[in-house]
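> Below is one structure. I have some questions about it.
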Amino acid sequence: MAVRIPTRRTLATVLAATTASLLLSACGDRTAAGGSSGADGVGAGAAKSDAPLFAKLPADIRAAGVIKVGTDATYAPMEFVENGKIVGVDPDVAAALGKHLGVRFEFTSGTFDSLITSLNSGRQDVVMSSMSDTMARQQGLDDKGQKTGNGVDFVDYFVAGSVVYVQKGNPQQIRSIADLCGKKTAVQRGTTFEEVARTRSKECEASGKPALAIESFPTDAEAQTRVKAGGAVAGVNDYPVAAHLALKADGGNAFEVVGNQIQAGPFGIAVAKGNPELRDALKAALAASIADGSYQKALDKWGAGTGAVATADVNTGS
């Protein structure tokens, strides 16, 4: 996405999001792009800054004044498009980091399962997209354990688990993921909660019950639509996203969350293995943002404050 159960809380402090334009993503889709503001007066083309951690950044990023971020902006409240801008928890956390680093974070949206490829190709400097820090991603392994790349490092900034959500009113009386054996279950492809569904499916078969009928979609929005229409009995998602759906979708009348969180773990900012300088600069910026309170404010604004980490760490996922 260390265990937390987020609750919706209202916050006061609003961290600014910069204007965003529609761009083509790394996969060729038409997607939104936006940016979180960094320190005052710092923008593209900046070569120097008075920000305390500016000197820790790689030279090319100091020269550009921008950290390019790949994300999948279909994932409220973590990252989503509103009025043509990418907004949410991740852009606001990035804005807090940017004030210490003296650069801005420029978000561009693409499909989730292409983001690490985009990072490794050099199109993006980092990935910040509610991406769970896992050993497989650190080592560059696919879901079959096959080597597909050099892997990435994660600067871990949030903790979340997966949870089951259903249609409002819970017509199938699903109480937890244990009730999904033999039932259609919608998930986004390439996510840790797709793995959670697969693991549960194997457990069903091992106990003599039918496997989950897992339907995987390119975007989380498609999975949500499938559940809302009744084509799938339930969906599996990260807790803060499922809680946001239950609160906001159709005025709170579309979905509800059932059961407890499953396999809570860290979300991380992904950085290419060959870029420890950027990784360490981000870690230092996160530590500074935790210390000055701006990190907590960024989370609290979106009701995700109880997912906060207490320290800035690297590669804590398993």
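Every chain in the structure tokens has a letter given in the order shown (A, B, ...), and although residue numbers restart at 1 in each chain, ligands are simply numbered from 1 in the order shown.
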Might you pull out every residue within 12 Å of Ala249 in chain A, with only C-alpha atoms counted and same-chain residues fewer than 4 positions away left off, and present them as a list in words?
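Close residues of Ala249 in chain A: Ala76, Pro77, Gln167, Lys168, Ala221, Gln224, Thr225, Lys228, Val241, Ala242, Ala243, His244, Leu245, Asn253, Ala254, Phe255 and Glu256 of chain A.
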> Fewer than 3 positions away in the same chain doesn't count, so skip those; otherwise give me all residues within 9 Å of Gly88 in chain A, counting only C-alpha atoms, as a PDB file with all heavy atoms, in the first residue's frame.

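Once written, around18.pdb looks like this:
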ATOM      1  N   ALA A  73      -3.658   7.982 -11.641  1.00  0.00           N
ATOM      2  CA  ALA A  73      -4.524   8.954 -10.959  1.00  0.00           C
ATOM      3  C   ALA A  73      -5.995   8.578 -11.063  1.00  0.00           C
ATOM      4  O   ALA A  73      -6.840   9.368 -11.496  1.00  0.00           O
ATOM      5  CB  ALA A  73      -4.282  10.344 -11.525  1.00  0.00           C
ATOM      6  N   TYR A  75      -7.443   6.828  -8.221  1.00  0.00           N
ATOM      7  CA  TYR A  75      -7.371   6.102  -6.977  1.00  0.00           C
ATOM      8  C   TYR A  75      -7.647   7.003  -5.785  1.00  0.00           C
ATOM      9  O   TYR A  75      -6.840   7.108  -4.875  1.00  0.00           O
ATOM     10  CB  TYR A  75      -5.963   5.497  -6.902  1.00  0.00           C
ATOM     11  CG  TYR A  75      -5.864   4.215  -6.149  1.00  0.00           C
ATOM     12  CD1 TYR A  75      -6.655   3.133  -6.476  1.00  0.00           C
ATOM     13  CD2 TYR A  75      -4.940   4.077  -5.116  1.00  0.00           C
ATOM     14  CE1 TYR A  75      -6.540   1.952  -5.792  1.00  0.00           C
ATOM     15  CE2 TYR A  75      -4.813   2.907  -4.417  1.00  0.00           C
ATOM     16  CZ  TYR A  75      -5.616   1.838  -4.759  1.00  0.00           C
ATOM     17  OH  TYR A  75      -5.499   0.658  -4.081  1.00  0.00           O
ATOM     18  N   ALA A  76      -8.786   7.684  -5.809  1.00  0.00           N
ATOM     19  CA  ALA A  76      -9.140   8.578  -4.704  1.00  0.00           C
ATOM     20  C   ALA A  76      -9.237   7.802  -3.396  1.00  0.00           C
ATOM     21  O   ALA A  76      -9.730   6.664  -3.377  1.00  0.00           O
ATOM     22  CB  ALA A  76     -10.473   9.257  -5.010  1.00  0.00           C
ATOM     23  N   PRO A  77      -8.768   8.399  -2.286  1.00  0.00           N
ATOM     24  CA  PRO A  77      -8.246   9.754  -2.140  1.00  0.00           C
ATOM     25  C   PRO A  77      -6.728   9.864  -2.311  1.00  0.00           C
ATOM     26  O   PRO A  77      -6.157  10.909  -2.057  1.00  0.00           O
ATOM     27  CB  PRO A  77      -8.614  10.094  -0.693  1.00  0.00           C
ATOM     28  CG  PRO A  77      -8.413   8.780   0.023  1.00  0.00           C
ATOM     29  CD  PRO A  77      -8.880   7.728  -0.965  1.00  0.00           C
ATOM     30  N   MET A  78      -6.087   8.775  -2.736  1.00  0.00           N
ATOM     31  CA  MET A  78      -4.622   8.783  -2.795  1.00  0.00           C
ATOM     32  C   MET A  78      -4.098   9.619  -3.951  1.00  0.00           C
ATOM     33  O   MET A  78      -3.190  10.427  -3.798  1.00  0.00           O
ATOM     34  CB  MET A  78      -4.082   7.354  -2.883  1.00  0.00           C
ATOM     35  CG  MET A  78      -4.475   6.463  -1.706  1.00  0.00           C
ATOM     36  SD  MET A  78      -3.957   7.113  -0.092  1.00  0.00           S
ATOM     37  CE  MET A  78      -2.175   6.952  -0.184  1.00  0.00           C
ATOM     38  N   GLU A  79      -4.646   9.415  -5.146  1.00  0.00           N
ATOM     39  CA  GLU A  79      -4.323  10.245  -6.299  1.00  0.00           C
ATOM     40  C   GLU A  79      -5.447  10.116  -7.313  1.00  0.00           C
ATOM     41  O   GLU A  79      -5.864   9.016  -7.661  1.00  0.00           O
ATOM     42  CB  GLU A  79      -2.981   9.867  -6.950  1.00  0.00           C
ATOM     43  CG  GLU A  79      -2.781   8.404  -7.239  1.00  0.00           C
ATOM     44  CD  GLU A  79      -2.143   7.660  -6.082  1.00  0.00           C
ATOM     45  OE1 GLU A  79      -1.217   8.206  -5.469  1.00  0.00           O
ATOM     46  OE2 GLU A  79      -2.595   6.527  -5.804  1.00  0.00           O
ATOM     47  N   PHE A  80      -5.979  11.264  -7.748  1.00  0.00           N
ATOM     48  CA  PHE A  80      -7.083  11.254  -8.695  1.00  0.00           C
ATOM     49  C   PHE A  80      -7.150  12.618  -9.376  1.00  0.00           C
ATOM     50  O   PHE A  80      -6.499  13.574  -8.954  1.00  0.00           O
ATOM     51  CB  PHE A  80      -8.406  10.912  -8.010  1.00  0.00           C
ATOM     52  CG  PHE A  80      -8.847  11.869  -6.935  1.00  0.00           C
ATOM     53  CD1 PHE A  80      -9.880  12.768  -7.159  1.00  0.00           C
ATOM     54  CD2 PHE A  80      -8.249  11.861  -5.676  1.00  0.00           C
ATOM     55  CE1 PHE A  80     -10.303  13.657  -6.167  1.00  0.00           C
ATOM     56  CE2 PHE A  80      -8.660  12.735  -4.670  1.00  0.00           C
ATOM     57  CZ  PHE A  80      -9.684  13.630  -4.916  1.00  0.00           C
ATOM     58  N   VAL A  81      -7.922  12.684 -10.448  1.00  0.00           N
ATOM     59  CA  VAL A  81      -8.034  13.922 -11.220  1.00  0.00           C
ATOM     60  C   VAL A  81      -9.276  14.675 -10.790  1.00  0.00           C
ATOM     61  O   VAL A  81     -10.382  14.118 -10.746  1.00  0.00           O
ATOM     62  CB  VAL A  81      -8.087  13.636 -12.735  1.00  0.00           C
ATOM     63  CG1 VAL A  81      -8.251  14.944 -13.518  1.00  0.00           C
ATOM     64  CG2 VAL A  81      -6.820  12.913 -13.181  1.00  0.00           C
ATOM     65  N   PRO A  91       0.076  13.565  -4.051  1.00  0.00           N
ATOM     66  CA  PRO A  91       0.552  14.885  -4.470  1.00  0.00           C
ATOM     67  C   PRO A  91       0.805  15.843  -3.308  1.00  0.00           C
ATOM     68  O   PRO A  91       1.747  16.648  -3.352  1.00  0.00           O
ATOM     69  CB  PRO A  91      -0.571  15.401  -5.381  1.00  0.00           C
ATOM     70  CG  PRO A  91      -1.173  14.168  -5.951  1.00  0.00           C
ATOM     71  CD  PRO A  91      -1.153  13.187  -4.799  1.00  0.00           C
ATOM     72  N   ASP A  92      -0.012  15.753  -2.248  1.00  0.00           N
ATOM     73  CA  ASP A  92       0.193  16.662  -1.116  1.00  0.00           C
ATOM     74  C   ASP A  92       1.400  16.257  -0.277  1.00  0.00           C
ATOM     75  O   ASP A  92       2.118  17.120   0.239  1.00  0.00           O
ATOM     76  CB  ASP A  92      -1.077  16.735  -0.260  1.00  0.00           C
ATOM     77  CG  ASP A  92      -2.131  17.662  -0.867  1.00  0.00           C
ATOM     78  OD1 ASP A  92      -1.854  18.233  -1.934  1.00  0.00           O
ATOM     79  OD2 ASP A  92      -3.211  17.807  -0.275  1.00  0.00           O
ATOM     80  N   VAL A  93       1.634  14.973  -0.126  1.00  0.00           N
ATOM     81  CA  VAL A  93       2.865  14.541   0.539  1.00  0.00           C
ATOM     82  C   VAL A  93       4.073  14.983  -0.288  1.00  0.00           C
ATOM     83  O   VAL A  93       5.072  15.479   0.253  1.00  0.00           O
ATOM     84  CB  VAL A  93       2.881  13.012   0.746  1.00  0.00           C
ATOM     85  CG1 VAL A  93       4.265  12.542   1.189  1.00  0.00           C
ATOM     86  CG2 VAL A  93       1.840  12.600   1.787  1.00  0.00           C
ATOM     87  N   ALA A 298      -0.672  16.745   5.443  1.00  0.00           N
ATOM     88  CA  ALA A 298      -1.018  16.296   4.099  1.00  0.00           C
ATOM     89  C   ALA A 298      -1.908  15.058   4.154  1.00  0.00           C
ATOM     90  O   ALA A 298      -2.860  14.929   3.375  1.00  0.00           O
ATOM     91  CB  ALA A 298       0.258  16.002   3.302  1.00  0.00           C
ATOM     92  N   LEU A 299      -1.631  14.145   5.076  1.00  0.00           N
ATOM     93  CA  LEU A 299      -2.464  12.952   5.219  1.00  0.00           C
ATOM     94  C   LEU A 299      -3.824  13.291   5.825  1.00  0.00           C
ATOM     95  O   LEU A 299      -4.872  12.829   5.350  1.00  0.00           O
ATOM     96  CB  LEU A 299      -1.764  11.924   6.111  1.00  0.00           C
ATOM     97  CG  LEU A 299      -0.415  11.369   5.667  1.00  0.00           C
ATOM     98  CD1 LEU A 299       0.032  10.276   6.634  1.00  0.00           C
ATOM     99  CD2 LEU A 299      -0.456  10.825   4.255  1.00  0.00           C
ATOM    100  N   LYS A 301      -5.551  15.905   5.747  1.00  0.00           N
ATOM    101  CA  LYS A 301      -6.439  16.621   4.824  1.00  0.00           C
ATOM    102  C   LYS A 301      -7.399  15.673   4.112  1.00  0.00           C
ATOM    103  O   LYS A 301      -8.549  16.018   3.837  1.00  0.00           O
ATOM    104  CB  LYS A 301      -5.600  17.381   3.801  1.00  0.00           C
ATOM    105  CG  LYS A 301      -6.408  18.020   2.670  1.00  0.00           C
ATOM    106  CD  LYS A 301      -5.483  18.628   1.638  1.00  0.00           C
ATOM    107  CE  LYS A 301      -6.258  19.082   0.413  1.00  0.00           C
ATOM    108  NZ  LYS A 301      -5.349  19.605  -0.622  1.00  0.00           N
ATOM    109  N   TRP A 302      -6.940  14.452   3.841  1.00  0.00           N
ATOM    110  CA  TRP A 302      -7.726  13.483   3.082  1.00  0.00           C
ATOM    111  C   TRP A 302      -8.279  12.375   3.986  1.00  0.00           C
ATOM    112  O   TRP A 302      -8.765  11.350   3.486  1.00  0.00           O
ATOM    113  CB  TRP A 302      -6.870  12.875   1.975  1.00  0.00           C
ATOM    114  CG  TRP A 302      -6.363  13.912   1.028  1.00  0.00           C
ATOM    115  CD1 TRP A 302      -5.140  14.520   1.027  1.00  0.00           C
ATOM    116  CD2 TRP A 302      -7.089  14.500  -0.042  1.00  0.00           C
ATOM    117  NE1 TRP A 302      -5.052  15.434   0.020  1.00  0.00           N
ATOM    118  CE2 TRP A 302      -6.239  15.449  -0.660  1.00  0.00           C
ATOM    119  CE3 TRP A 302      -8.377  14.323  -0.565  1.00  0.00           C
ATOM    120  CZ2 TRP A 302      -6.626  16.209  -1.764  1.00  0.00           C
ATOM    121  CZ3 TRP A 302      -8.768  15.069  -1.661  1.00  0.00           C
ATOM    122  CH2 TRP A 302      -7.901  16.004  -2.237  1.00  0.00           C
TER     123      TRP A 302
END
> Range 118-287 of chain A: which residues are helix (DSSP H, G or I) by DSSP, as JSON, numbers by chain?
{"A": [118, 119, 120, 135, 136, 137, 138, 139, 177, 178, 179, 180, 192, 193, 194, 195, 196, 197, 198, 199, 200, 201, 202, 203, 204, 205, 206, 220, 221, 222, 223, 224, 225, 226, 227, 228, 239, 240, 241, 242, 243, 244, 245, 246, 247, 248, 249, 250, 251, 252, 276, 277, 278, 279, 280, 281, 282, 283, 284, 285, 286, 287]}
> When distances are computed from only C-alpha atoms, which of A:Thr185, A:Tyr295, A:Lys68, A:Val103 shows the smallest separation from Gly122 in chain A?
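Ranked by minimum distance to Gly122 in chain A, first place goes to A:Lys68.
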> Need the shell around range 50-55 of chain A: protein/DNA/RNA residues with any atom at most 7 Å away, counting only C-alpha atoms. Skip same-chain ones fewer than 3 positions apart. Format as an NGL selection string?
:A and (99-102)
> Please measure the separation of CA of Tyr157 in chain A and CA of Asn120 in chain A, giving the value in Å to one decimal.
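Spanning CA of Tyr157 in chain A to CA of Asn120 in chain A is a straight-line distance of 21.0 Å.
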> Which residues are close to Asp179 in chain A, i.e. within 12 Å by only C-alpha atoms, leaving aside same-chain residues fewer than 3 positions away? Reply as a list in words.
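The residues satisfying every condition are Val164, Val166, Gln172, Gln173, Ile174, Arg175, Ser176, Gly182, Lys183, Lys184, Thr185, Ala197, Arg200, Ser201, Glu203, Cys204, Lys209, Pro210, Ala211, Leu212, Val233, Ala234, Val258 and Gly259 of chain A.
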